[in-house]
Every structure is written in C-alpha cells, then in structure tokens.
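J.: Here you go, this is data.pdb (PDB, C-alpha atoms).
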```
ATOM      1  CA  LEU K 124     -68.264   2.063 -59.350  1.00  0.00           C
ATOM      2  CA  ASP K 125     -70.931   2.247 -56.666  1.00  0.00           C
ATOM      3  CA  ALA K 126     -70.657   5.846 -55.436  1.00  0.00           C
ATOM      4  CA  ASN K 127     -72.728   5.165 -52.301  1.00  0.00           C
ATOM      5  CA  LYS K 128     -70.417   2.343 -51.270  1.00  0.00           C
ATOM      6  CA  ILE K 129     -67.349   4.511 -51.944  1.00  0.00           C
ATOM      7  CA  ILE K 130     -68.709   7.310 -49.759  1.00  0.00           C
ATOM      8  CA  LYS K 131     -69.441   4.860 -46.942  1.00  0.00           C
ATOM      9  CA  MET K 132     -65.978   3.325 -47.266  1.00  0.00           C
ATOM     10  CA  VAL K 133     -64.241   6.691 -47.141  1.00  0.00           C
ATOM     11  CA  LEU K 134     -66.302   7.829 -44.161  1.00  0.00           C
ATOM     12  CA  LEU K 135     -65.805   4.576 -42.252  1.00  0.00           C
ATOM     13  CA  HIS K 136     -62.080   4.640 -42.847  1.00  0.00           C
ATOM     14  CA  ASP K 137     -61.689   8.311 -41.916  1.00  0.00           C
ATOM     15  CA  LEU K 138     -63.908   8.059 -38.837  1.00  0.00           C
ATOM     16  CA  ALA K 139     -62.014   5.049 -37.538  1.00  0.00           C
ATOM     17  CA  ARG K 140     -58.670   6.669 -38.342  1.00  0.00           C
ATOM     18  CA  GLY K 141     -59.698   9.857 -36.591  1.00  0.00           C
ATOM     19  CA  TYR K 142     -60.975   7.944 -33.575  1.00  0.00           C
ATOM     20  CA  ALA K 143     -57.795   5.834 -33.446  1.00  0.00           C
ATOM     21  CA  GLY K 144     -55.592   8.906 -33.736  1.00  0.00           C
ATOM     22  CA  ASP K 145     -54.849   8.812 -37.487  1.00  0.00           C
ATOM     23  CA  ILE K 146     -51.481   7.162 -37.015  1.00  0.00           C
ATOM     24  CA  THR K 147     -49.122   7.559 -39.944  1.00  0.00           C
ATOM     25  CA  PRO K 148     -46.684   4.832 -40.975  1.00  0.00           C
ATOM     26  CA  TYR K 149     -43.901   7.083 -39.625  1.00  0.00           C
ATOM     27  CA  GLU K 150     -45.401   7.418 -36.149  1.00  0.00           C
ATOM     28  CA  PRO K 151     -43.330   4.581 -34.627  1.00  0.00           C
ATOM     29  CA  LEU K 152     -40.159   6.464 -35.570  1.00  0.00           C
ATOM     30  CA  ILE K 153     -41.426   9.405 -33.555  1.00  0.00           C
ATOM     31  CA  TRP K 154     -42.292   7.182 -30.580  1.00  0.00           C
ATOM     32  CA  LYS K 155     -39.098   5.163 -30.756  1.00  0.00           C
ATOM     33  CA  ASN K 156     -36.611   8.005 -31.262  1.00  0.00           C
ATOM     34  CA  ASP K 157     -38.555  11.092 -30.195  1.00  0.00           C
ATOM     35  CA  GLU K 158     -38.039  12.166 -33.806  1.00  0.00           C
ATOM     36  CA  THR K 159     -39.146  15.710 -34.612  1.00  0.00           C
ATOM     37  CA  ASP K 160     -37.245  16.426 -37.834  1.00  0.00           C
ATOM     38  CA  LEU K 161     -39.610  15.302 -40.610  1.00  0.00           C
ATOM     39  CA  THR K 162     -36.950  15.234 -43.320  1.00  0.00           C
ATOM     40  CA  SER K 163     -34.709  12.982 -41.249  1.00  0.00           C
ATOM     41  CA  MET K 164     -37.659  10.783 -40.330  1.00  0.00           C
ATOM     42  CA  TYR K 165     -38.710  10.246 -43.968  1.00  0.00           C
ATOM     43  CA  GLU K 166     -35.153   9.531 -45.047  1.00  0.00           C
ATOM     44  CA  ARG K 167     -34.777   6.951 -42.278  1.00  0.00           C
ATOM     45  CA  TRP K 168     -38.120   5.323 -43.155  1.00  0.00           C
ATOM     46  CA  VAL K 169     -36.740   4.201 -46.527  1.00  0.00           C
ATOM     47  CA  ARG K 170     -33.982   2.237 -44.767  1.00  0.00           C
ATOM     48  CA  ILE K 171     -36.211   0.437 -42.262  1.00  0.00           C
ATOM     49  CA  PRO K 172     -36.523  -3.305 -42.967  1.00  0.00           C
ATOM     50  CA  GLN K 173     -39.775  -4.343 -44.639  1.00  0.00           C
ATOM     51  CA  LYS K 174     -40.712  -6.638 -41.726  1.00  0.00           C
ATOM     52  CA  GLU K 175     -40.564  -3.722 -39.310  1.00  0.00           C
ATOM     53  CA  LYS K 176     -42.670  -1.567 -41.646  1.00  0.00           C
ATOM     54  CA  GLU K 177     -45.214  -4.397 -41.814  1.00  0.00           C
ATOM     55  CA  ARG K 178     -45.249  -4.591 -38.010  1.00  0.00           C
ATOM     56  CA  PHE K 179     -45.900  -0.834 -37.813  1.00  0.00           C
ATOM     57  CA  ALA K 180     -48.724  -1.213 -40.344  1.00  0.00           C
ATOM     58  CA  LYS K 181     -50.305  -4.078 -38.368  1.00  0.00           C
ATOM     59  CA  GLU K 182     -50.202  -2.048 -35.154  1.00  0.00           C
ATOM     60  CA  SER K 183     -51.873   0.867 -36.912  1.00  0.00           C
ATOM     61  CA  GLU K 184     -54.484  -1.397 -38.529  1.00  0.00           C
ATOM     62  CA  LYS K 185     -55.285  -2.969 -35.159  1.00  0.00           C
ATOM     63  CA  LYS K 186     -55.837   0.438 -33.558  1.00  0.00           C
ATOM     64  CA  GLU K 187     -58.044   1.436 -36.475  1.00  0.00           C
ATOM     65  CA  HIS K 188     -59.950  -1.868 -36.306  1.00  0.00           C
ATOM     66  CA  ASP K 189     -60.525  -1.473 -32.557  1.00  0.00           C
ATOM     67  CA  ALA K 190     -61.715   2.104 -33.054  1.00  0.00           C
ATOM     68  CA  PHE K 191     -64.082   0.970 -35.816  1.00  0.00           C
ATOM     69  CA  HIS K 192     -65.662  -1.621 -33.535  1.00  0.00           C
ATOM     70  CA  LYS K 193     -66.000   0.922 -30.722  1.00  0.00           C
ATOM     71  CA  LEU K 194     -67.852   3.197 -33.135  1.00  0.00           C
ATOM     72  CA  LEU K 195     -70.178   0.360 -34.146  1.00  0.00           C
ATOM     73  CA  ARG K 196     -71.327   0.023 -30.532  1.00  0.00           C
ATOM     74  CA  TYR K 197     -73.266   3.259 -30.938  1.00  0.00           C
ATOM     75  CA  LEU K 198     -75.204   2.054 -33.973  1.00  0.00           C
ATOM     76  CA  PRO K 199     -78.247  -0.175 -34.227  1.00  0.00           C
ATOM     77  CA  SER K 200     -77.381  -3.781 -35.034  1.00  0.00           C
ATOM     78  CA  SER K 201     -79.310  -3.485 -38.297  1.00  0.00           C
ATOM     79  CA  ALA K 202     -76.588  -1.131 -39.596  1.00  0.00           C
ATOM     80  CA  THR K 203     -73.525  -2.910 -38.281  1.00  0.00           C
ATOM     81  CA  GLN K 204     -73.571  -5.893 -40.651  1.00  0.00           C
ATOM     82  CA  GLU K 205     -73.490  -3.721 -43.769  1.00  0.00           C
ATOM     83  CA  LEU K 206     -70.749  -1.531 -42.315  1.00  0.00           C
ATOM     84  CA  GLU K 207     -68.656  -4.522 -41.258  1.00  0.00           C
ATOM     85  CA  THR K 208     -68.934  -5.927 -44.786  1.00  0.00           C
ATOM     86  CA  ILE K 209     -67.836  -2.618 -46.300  1.00  0.00           C
ATOM     87  CA  TRP K 210     -65.003  -2.437 -43.768  1.00  0.00           C
ATOM     88  CA  GLU K 211     -63.743  -5.902 -44.713  1.00  0.00           C
ATOM     89  CA  GLU K 212     -64.023  -5.108 -48.425  1.00  0.00           C
ATOM     90  CA  TYR K 213     -61.853  -2.034 -47.958  1.00  0.00           C
ATOM     91  CA  HIS K 214     -59.203  -3.614 -45.775  1.00  0.00           C
ATOM     92  CA  ASN K 215     -58.899  -6.705 -47.955  1.00  0.00           C
ATOM     93  CA  ARG K 216     -59.370  -4.724 -51.186  1.00  0.00           C
ATOM     94  CA  ILE K 217     -61.925  -7.250 -52.350  1.00  0.00           C
ATOM     95  CA  THR K 218     -64.027  -5.026 -54.617  1.00  0.00           C
ATOM     96  CA  LYS K 219     -63.223  -2.486 -57.292  1.00  0.00           C
ATOM     97  CA  GLU K 220     -64.639   0.194 -54.964  1.00  0.00           C
ATOM     98  CA  ALA K 221     -62.269  -0.882 -52.199  1.00  0.00           C
ATOM     99  CA  ARG K 222     -59.280  -0.771 -54.524  1.00  0.00           C
ATOM    100  CA  PHE K 223     -60.373   2.667 -55.757  1.00  0.00           C
ATOM    101  CA  VAL K 224     -60.732   4.025 -52.206  1.00  0.00           C
ATOM    102  CA  TYR K 225     -57.388   2.546 -51.177  1.00  0.00           C
ATOM    103  CA  GLN K 226     -55.695   4.293 -54.102  1.00  0.00           C
ATOM    104  CA  LEU K 227     -57.613   7.484 -53.316  1.00  0.00           C
ATOM    105  CA  HIS K 228     -56.233   7.341 -49.782  1.00  0.00           C
ATOM    106  CA  THR K 229     -52.728   6.682 -51.130  1.00  0.00           C
ATOM    107  CA  MET K 230     -53.050   9.629 -53.513  1.00  0.00           C
ATOM    108  CA  GLU K 231     -54.234  11.876 -50.685  1.00  0.00           C
ATOM    109  CA  ASN K 232     -51.133  10.967 -48.659  1.00  0.00           C
ATOM    110  CA  PHE K 233     -48.946  11.727 -51.652  1.00  0.00           C
ATOM    111  CA  LEU K 234     -50.599  15.112 -52.176  1.00  0.00           C
ATOM    112  CA  GLN K 235     -49.871  15.943 -48.538  1.00  0.00           C
ATOM    113  CA  ALA K 236     -46.220  14.964 -49.050  1.00  0.00           C
ATOM    114  CA  LEU K 237     -46.147  17.159 -52.149  1.00  0.00           C
ATOM    115  CA  GLU K 238     -47.385  20.067 -50.020  1.00  0.00           C
ATOM    116  CA  TYR K 239     -44.522  19.444 -47.576  1.00  0.00           C
ATOM    117  CA  TRP K 240     -42.070  19.405 -50.482  1.00  0.00           C
ATOM    118  CA  LYS K 241     -43.466  22.659 -51.908  1.00  0.00           C
ATOM    119  CA  GLU K 242     -42.798  24.304 -48.538  1.00  0.00           C
ATOM    120  CA  ASP K 243     -39.365  22.695 -48.084  1.00  0.00           C
ATOM    121  CA  LYS K 244     -37.465  21.619 -51.197  1.00  0.00           C
ATOM    122  CA  ASN K 245     -35.210  19.482 -48.962  1.00  0.00           C
ATOM    123  CA  PHE K 246     -38.161  17.254 -48.129  1.00  0.00           C
ATOM    124  CA  PRO K 247     -37.327  13.771 -49.544  1.00  0.00           C
ATOM    125  CA  ILE K 248     -40.127  13.494 -52.109  1.00  0.00           C
ATOM    126  CA  GLU K 249     -38.378  10.995 -54.449  1.00  0.00           C
ATOM    127  CA  SER K 250     -39.438   7.911 -52.506  1.00  0.00           C
ATOM    128  CA  TRP K 251     -43.051   9.140 -52.685  1.00  0.00           C
ATOM    129  CA  TRP K 252     -42.877   9.457 -56.474  1.00  0.00           C
ATOM    130  CA  HIS K 253     -41.558   5.910 -56.763  1.00  0.00           C
ATOM    131  CA  GLN K 254     -44.187   4.525 -54.404  1.00  0.00           C
ATOM    132  CA  MET K 255     -46.972   6.223 -56.330  1.00  0.00           C
ATOM    133  CA  LYS K 256     -45.771   4.973 -59.687  1.00  0.00           C
ATOM    134  CA  GLU K 257     -45.634   1.435 -58.302  1.00  0.00           C
ATOM    135  CA  SER K 258     -48.954   1.450 -56.455  1.00  0.00           C
ATOM    136  CA  ILE K 259     -51.369   3.480 -58.598  1.00  0.00           C
ATOM    137  CA  SER K 260     -53.303   1.646 -61.302  1.00  0.00           C
ATOM    138  CA  GLU K 261     -56.671   3.459 -61.393  1.00  0.00           C
ATOM    139  CA  PRO K 262     -56.785   5.410 -64.681  1.00  0.00           C
ATOM    140  CA  VAL K 263     -58.035   8.647 -63.119  1.00  0.00           C
ATOM    141  CA  PHE K 264     -55.240   8.622 -60.537  1.00  0.00           C
ATOM    142  CA  MET K 265     -52.649   7.662 -63.138  1.00  0.00           C
ATOM    143  CA  LYS K 266     -53.697  10.683 -65.190  1.00  0.00           C
ATOM    144  CA  LEU K 267     -53.469  12.943 -62.142  1.00  0.00           C
ATOM    145  CA  LEU K 268     -50.060  11.526 -61.275  1.00  0.00           C
ATOM    146  CA  GLN K 269     -48.830  12.143 -64.839  1.00  0.00           C
ATOM    147  CA  GLN K 270     -49.996  15.756 -64.617  1.00  0.00           C
ATOM    148  CA  LEU K 271     -48.316  16.213 -61.243  1.00  0.00           C
ATOM    149  CA  ASP K 272     -45.175  14.570 -62.578  1.00  0.00           C
ATOM    150  CA  MET K 273     -45.033  16.979 -65.540  1.00  0.00           C
ATOM    151  CA  HIS K 274     -45.684  19.996 -63.320  1.00  0.00           C
ATOM    152  CA  PHE K 275     -43.498  19.241 -60.299  1.00  0.00           C
ATOM    153  CA  HIS K 276     -41.023  16.496 -61.079  1.00  0.00           C
TER     154      HIS K 276
END
```
Would you encode the structure as structure tokens?

T.:
Amino acid sequence: LDANKIIKMVLLHDLARGYAGDITPYEPLIWKNDETDLTSMYERWVRIPQKEKERFAKESEKKEHDAFHKLLRYLPSSATQELETIWEEYHNRITKEARFVYQLHTMENFLQALEYWKEDKNFPIESWWHQMKESISEPVFMKLLQQLDMHFH
C-alpha cells in the first residue's frame, strides 16, 4: 500500500467531513424525529428501509463532496487535480488504498460504537458486530475484529 496516498485520503476525507459537519448515517433520524435517545435511534435504524438509508447516505455524500470542493478553492490549481483523483479513488473504492481507508473508517466507527456499549450495556451493539463481519476483508482489520470479538463479544 502507498502510505502517502493513504495519509492524503484520510486527511481529505476527514477535512471534508469536518467541514460538512461530519454527518452520521443516523443524523436524519435526529432531524426527522428530534431523536435524542441514542439506543432508540440505533434500534430504529435497523428497521429503516434500505432505499431510505441509501438516500441518507447520498445526502451526506453530497454535503461532503460540496465541502471538499469548497476546500479546494483555497489551494493552487496544481494541487487540485491530484486531490480530486485521490478523492474519486476513495469514494469509488477504485484502488487497494481506497478500500483500505474505507475499511479503516468503518472500523473507527465500530470502535466508537464499542465505546458507547462499554459505557451503556443496553446500547444495541449486535447490529454493529454483524455489519463489521460482513464488510471487513482487510487482513489486519479482520485480525483486530477477531481479537475484539474474543474480548468483548
């Protein structure tokens, strides 16, 4: 893996997410229902139709994409082409680096959910375990997930 490309990908993604507001997939439930109970929100998320989840994801991706392009305005044009290419690689998961970073981001979200569960054993962590086992294929993350599974699950 190209470590320099991975670092750029992670930074681009996190900068754009931060600039866009780092919207989680659950955010629309908060907007729609003024939801404040996290446990209830996560339990309801599982029952939302896939098409609606995809719509939420597209809205979030658009905000992130718009934020990314706003950030590019501040850079010299000589840098923007490389960054746009890296951005497209990540969002379309074209390269092995992009797939690695995507799984890294997924793992980071899972670790945050695990922290919530450690604080509140009523937190619905089961759906996270299933999602991780279905979506992780990078050997290093699979090993980490196995260790977490043995320790916590």

J.: Restricting the calculation to all atoms listed in the file, which member of K:Met255, K:Leu198, K:Ile171, K:Val224 is positioned closest to His136 in chain K?

T.: K:Val224

J.: Would you please work out which residue, of K:Leu268, K:Leu134, K:Ile129, K:Ala236, is nearest to Lys219 in chain K when using all atoms listed in the file?

T.: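 With all atoms listed in the file as the atom set, the closest residue is K:Ile129.
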
J.: Point out the residue among K:Gln235, K:Arg222, K:His276, K:Lys193 with the least atom-to-atom distance to His253 in chain K, counting all atoms listed in the file.

T.: K:His276

J.: Evaluating the PyMOL selection byres ((chain K and resi 213) around 10) on the displayed file yields which residues, as a count of residues only?

T.: 23

J.: One decimal, in Å: what's the spacing between CA of Lys256 in chain K and CA of Ala143 in chain K?

T.: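 If I compute the distance from CA of Lys256 in chain K to CA of Ala143 in chain K, I get 28.9 Å.
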
J.: Which residue out of K:Glu187, K:Asp272, K:Asp125, K:Glu261 has the minimum interatomic distance to Phe233 in chain K when all atoms listed in the file are used?

T.: K:Asp272

J.: On this structure, which residues satisfy the PyMOL selection byres ((chain K and resi 248) around 12), written as a count of residues only?

T.: 31

J.: Of the candidates K:Leu206, K:Arg178, K:Leu124, K:His274, which shows the shortest atom-to-atom distance to Leu194 in chain K, using all atoms listed in the file?

T.: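 Ranking K:Leu206, K:Arg178, K:Leu124, K:His274 by distance to Leu194 in chain K, first place goes to K:Leu206.
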
J.: Write a file for range 176-190 of chain K, containing all heavy atoms (output as a PDB file, in the first residue's frame).

T.:
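Output file part14.pdb follows:
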```pdb
ATOM      1  N   LYS K 176     -32.104   4.463   3.699  1.00  0.00           N
ATOM      2  CA  LYS K 176     -30.720   4.535   4.169  1.00  0.00           C
ATOM      3  C   LYS K 176     -29.808   5.031   3.045  1.00  0.00           C
ATOM      4  O   LYS K 176     -28.910   5.844   3.273  1.00  0.00           O
ATOM      5  CB  LYS K 176     -30.241   3.166   4.652  1.00  0.00           C
ATOM      6  CG  LYS K 176     -30.857   2.729   5.946  1.00  0.00           C
ATOM      7  CD  LYS K 176     -30.341   1.347   6.330  1.00  0.00           C
ATOM      8  CE  LYS K 176     -31.027   0.826   7.550  1.00  0.00           C
ATOM      9  NZ  LYS K 176     -30.575  -0.520   7.898  1.00  0.00           N
ATOM     10  N   GLU K 177     -30.046   4.534   1.835  1.00  0.00           N
ATOM     11  CA  GLU K 177     -29.247   4.967   0.683  1.00  0.00           C
ATOM     12  C   GLU K 177     -29.465   6.449   0.399  1.00  0.00           C
ATOM     13  O   GLU K 177     -28.527   7.161   0.049  1.00  0.00           O
ATOM     14  CB  GLU K 177     -29.580   4.117  -0.538  1.00  0.00           C
ATOM     15  CG  GLU K 177     -29.071   2.697  -0.419  1.00  0.00           C
ATOM     16  CD  GLU K 177     -29.611   1.756  -1.489  1.00  0.00           C
ATOM     17  OE1 GLU K 177     -30.331   2.212  -2.406  1.00  0.00           O
ATOM     18  OE2 GLU K 177     -29.312   0.551  -1.396  1.00  0.00           O
ATOM     19  N   ARG K 178     -30.688   6.919   0.567  1.00  0.00           N
ATOM     20  CA  ARG K 178     -30.977   8.346   0.371  1.00  0.00           C
ATOM     21  C   ARG K 178     -30.225   9.176   1.401  1.00  0.00           C
ATOM     22  O   ARG K 178     -29.615  10.180   1.069  1.00  0.00           O
ATOM     23  CB  ARG K 178     -32.484   8.607   0.464  1.00  0.00           C
ATOM     24  CG  ARG K 178     -32.866  10.044   0.123  1.00  0.00           C
ATOM     25  CD  ARG K 178     -34.366  10.274   0.153  1.00  0.00           C
ATOM     26  NE  ARG K 178     -34.996   9.925   1.411  1.00  0.00           N
ATOM     27  CZ  ARG K 178     -34.982  10.702   2.508  1.00  0.00           C
ATOM     28  NH1 ARG K 178     -34.347  11.859   2.484  1.00  0.00           N
ATOM     29  NH2 ARG K 178     -35.593  10.323   3.604  1.00  0.00           N
ATOM     30  N   PHE K 179     -30.239   8.731   2.670  1.00  0.00           N
ATOM     31  CA  PHE K 179     -29.490   9.428   3.716  1.00  0.00           C
ATOM     32  C   PHE K 179     -28.007   9.489   3.349  1.00  0.00           C
ATOM     33  O   PHE K 179     -27.353  10.520   3.479  1.00  0.00           O
ATOM     34  CB  PHE K 179     -29.620   8.710   5.064  1.00  0.00           C
ATOM     35  CG  PHE K 179     -30.982   8.741   5.680  1.00  0.00           C
ATOM     36  CD1 PHE K 179     -31.312   7.822   6.663  1.00  0.00           C
ATOM     37  CD2 PHE K 179     -31.945   9.668   5.305  1.00  0.00           C
ATOM     38  CE1 PHE K 179     -32.570   7.825   7.257  1.00  0.00           C
ATOM     39  CE2 PHE K 179     -33.203   9.682   5.888  1.00  0.00           C
ATOM     40  CZ  PHE K 179     -33.518   8.761   6.869  1.00  0.00           C
ATOM     41  N   ALA K 180     -27.474   8.358   2.884  1.00  0.00           N
ATOM     42  CA  ALA K 180     -26.053   8.280   2.536  1.00  0.00           C
ATOM     43  C   ALA K 180     -25.725   9.234   1.389  1.00  0.00           C
ATOM     44  O   ALA K 180     -24.701   9.914   1.408  1.00  0.00           O
ATOM     45  CB  ALA K 180     -25.670   6.853   2.171  1.00  0.00           C
ATOM     46  N   LYS K 181     -26.610   9.319   0.396  1.00  0.00           N
ATOM     47  CA  LYS K 181     -26.372  10.220  -0.743  1.00  0.00           C
ATOM     48  C   LYS K 181     -26.391  11.677  -0.304  1.00  0.00           C
ATOM     49  O   LYS K 181     -25.589  12.475  -0.773  1.00  0.00           O
ATOM     50  CB  LYS K 181     -27.394   9.970  -1.847  1.00  0.00           C
ATOM     51  CG  LYS K 181     -27.098   8.711  -2.628  1.00  0.00           C
ATOM     52  CD  LYS K 181     -28.051   8.517  -3.776  1.00  0.00           C
ATOM     53  CE  LYS K 181     -27.784   7.157  -4.372  1.00  0.00           C
ATOM     54  NZ  LYS K 181     -27.986   7.052  -5.749  1.00  0.00           N
ATOM     55  N   GLU K 182     -27.298  12.018   0.590  1.00  0.00           N
ATOM     56  CA  GLU K 182     -27.350  13.391   1.115  1.00  0.00           C
ATOM     57  C   GLU K 182     -26.050  13.732   1.831  1.00  0.00           C
ATOM     58  O   GLU K 182     -25.489  14.807   1.642  1.00  0.00           O
ATOM     59  CB  GLU K 182     -28.532  13.557   2.076  1.00  0.00           C
ATOM     60  CG  GLU K 182     -29.878  13.590   1.423  1.00  0.00           C
ATOM     61  CD  GLU K 182     -31.022  13.627   2.434  1.00  0.00           C
ATOM     62  OE1 GLU K 182     -30.778  13.941   3.626  1.00  0.00           O
ATOM     63  OE2 GLU K 182     -32.156  13.333   2.039  1.00  0.00           O
ATOM     64  N   SER K 183     -25.584  12.809   2.652  1.00  0.00           N
ATOM     65  CA  SER K 183     -24.347  13.010   3.398  1.00  0.00           C
ATOM     66  C   SER K 183     -23.154  13.124   2.449  1.00  0.00           C
ATOM     67  O   SER K 183     -22.299  14.003   2.604  1.00  0.00           O
ATOM     68  CB  SER K 183     -24.137  11.852   4.371  1.00  0.00           C
ATOM     69  OG  SER K 183     -22.934  11.997   5.060  1.00  0.00           O
ATOM     70  N   GLU K 184     -23.100  12.238   1.447  1.00  0.00           N
ATOM     71  CA  GLU K 184     -22.013  12.270   0.471  1.00  0.00           C
ATOM     72  C   GLU K 184     -22.010  13.578  -0.313  1.00  0.00           C
ATOM     73  O   GLU K 184     -20.952  14.132  -0.601  1.00  0.00           O
ATOM     74  CB  GLU K 184     -22.126  11.091  -0.490  1.00  0.00           C
ATOM     75  CG  GLU K 184     -21.701   9.782   0.112  1.00  0.00           C
ATOM     76  CD  GLU K 184     -21.877   8.605  -0.829  1.00  0.00           C
ATOM     77  OE1 GLU K 184     -21.985   8.818  -2.068  1.00  0.00           O
ATOM     78  OE2 GLU K 184     -21.912   7.469  -0.337  1.00  0.00           O
ATOM     79  N   LYS K 185     -23.191  14.088  -0.645  1.00  0.00           N
ATOM     80  CA  LYS K 185     -23.270  15.348  -1.376  1.00  0.00           C
ATOM     81  C   LYS K 185     -22.728  16.495  -0.528  1.00  0.00           C
ATOM     82  O   LYS K 185     -21.968  17.334  -1.019  1.00  0.00           O
ATOM     83  CB  LYS K 185     -24.704  15.650  -1.814  1.00  0.00           C
ATOM     84  CG  LYS K 185     -24.782  16.993  -2.533  1.00  0.00           C
ATOM     85  CD  LYS K 185     -26.008  17.208  -3.320  1.00  0.00           C
ATOM     86  CE  LYS K 185     -26.114  18.523  -4.025  1.00  0.00           C
ATOM     87  NZ  LYS K 185     -25.010  19.427  -4.074  1.00  0.00           N
ATOM     88  N   LYS K 186     -23.095  16.534   0.738  1.00  0.00           N
ATOM     89  CA  LYS K 186     -22.592  17.585   1.627  1.00  0.00           C
ATOM     90  C   LYS K 186     -21.072  17.492   1.744  1.00  0.00           C
ATOM     91  O   LYS K 186     -20.379  18.508   1.717  1.00  0.00           O
ATOM     92  CB  LYS K 186     -23.243  17.494   2.997  1.00  0.00           C
ATOM     93  CG  LYS K 186     -24.675  17.950   2.986  1.00  0.00           C
ATOM     94  CD  LYS K 186     -25.291  17.890   4.357  1.00  0.00           C
ATOM     95  CE  LYS K 186     -26.738  18.343   4.253  1.00  0.00           C
ATOM     96  NZ  LYS K 186     -27.386  18.421   5.531  1.00  0.00           N
ATOM     97  N   GLU K 187     -20.578  16.272   1.864  1.00  0.00           N
ATOM     98  CA  GLU K 187     -19.134  16.067   1.959  1.00  0.00           C
ATOM     99  C   GLU K 187     -18.444  16.480   0.653  1.00  0.00           C
ATOM    100  O   GLU K 187     -17.399  17.140   0.667  1.00  0.00           O
ATOM    101  CB  GLU K 187     -18.851  14.601   2.279  1.00  0.00           C
ATOM    102  CG  GLU K 187     -17.411  14.304   2.561  1.00  0.00           C
ATOM    103  CD  GLU K 187     -17.184  12.849   2.909  1.00  0.00           C
ATOM    104  OE1 GLU K 187     -18.092  12.187   3.441  1.00  0.00           O
ATOM    105  OE2 GLU K 187     -16.071  12.373   2.629  1.00  0.00           O
ATOM    106  N   HIS K 188     -19.029  16.112  -0.471  1.00  0.00           N
ATOM    107  CA  HIS K 188     -18.484  16.454  -1.784  1.00  0.00           C
ATOM    108  C   HIS K 188     -18.443  17.969  -1.968  1.00  0.00           C
ATOM    109  O   HIS K 188     -17.445  18.531  -2.428  1.00  0.00           O
ATOM    110  CB  HIS K 188     -19.332  15.790  -2.876  1.00  0.00           C
ATOM    111  CG  HIS K 188     -18.786  15.957  -4.243  1.00  0.00           C
ATOM    112  ND1 HIS K 188     -19.204  16.951  -5.087  1.00  0.00           N
ATOM    113  CD2 HIS K 188     -17.841  15.260  -4.919  1.00  0.00           C
ATOM    114  CE1 HIS K 188     -18.539  16.869  -6.223  1.00  0.00           C
ATOM    115  NE2 HIS K 188     -17.712  15.842  -6.154  1.00  0.00           N
ATOM    116  N   ASP K 189     -19.528  18.647  -1.603  1.00  0.00           N
ATOM    117  CA  ASP K 189     -19.569  20.109  -1.708  1.00  0.00           C
ATOM    118  C   ASP K 189     -18.517  20.758  -0.814  1.00  0.00           C
ATOM    119  O   ASP K 189     -17.845  21.703  -1.218  1.00  0.00           O
ATOM    120  CB  ASP K 189     -20.965  20.636  -1.346  1.00  0.00           C
ATOM    121  CG  ASP K 189     -22.026  20.238  -2.356  1.00  0.00           C
ATOM    122  OD1 ASP K 189     -21.670  19.758  -3.463  1.00  0.00           O
ATOM    123  OD2 ASP K 189     -23.227  20.397  -2.031  1.00  0.00           O
ATOM    124  N   ALA K 190     -18.366  20.233   0.390  1.00  0.00           N
ATOM    125  CA  ALA K 190     -17.362  20.766   1.317  1.00  0.00           C
ATOM    126  C   ALA K 190     -15.956  20.560   0.755  1.00  0.00           C
ATOM    127  O   ALA K 190     -15.106  21.460   0.823  1.00  0.00           O
ATOM    128  CB  ALA K 190     -17.489  20.092   2.680  1.00  0.00           C
TER     129      ALA K 190
END
```
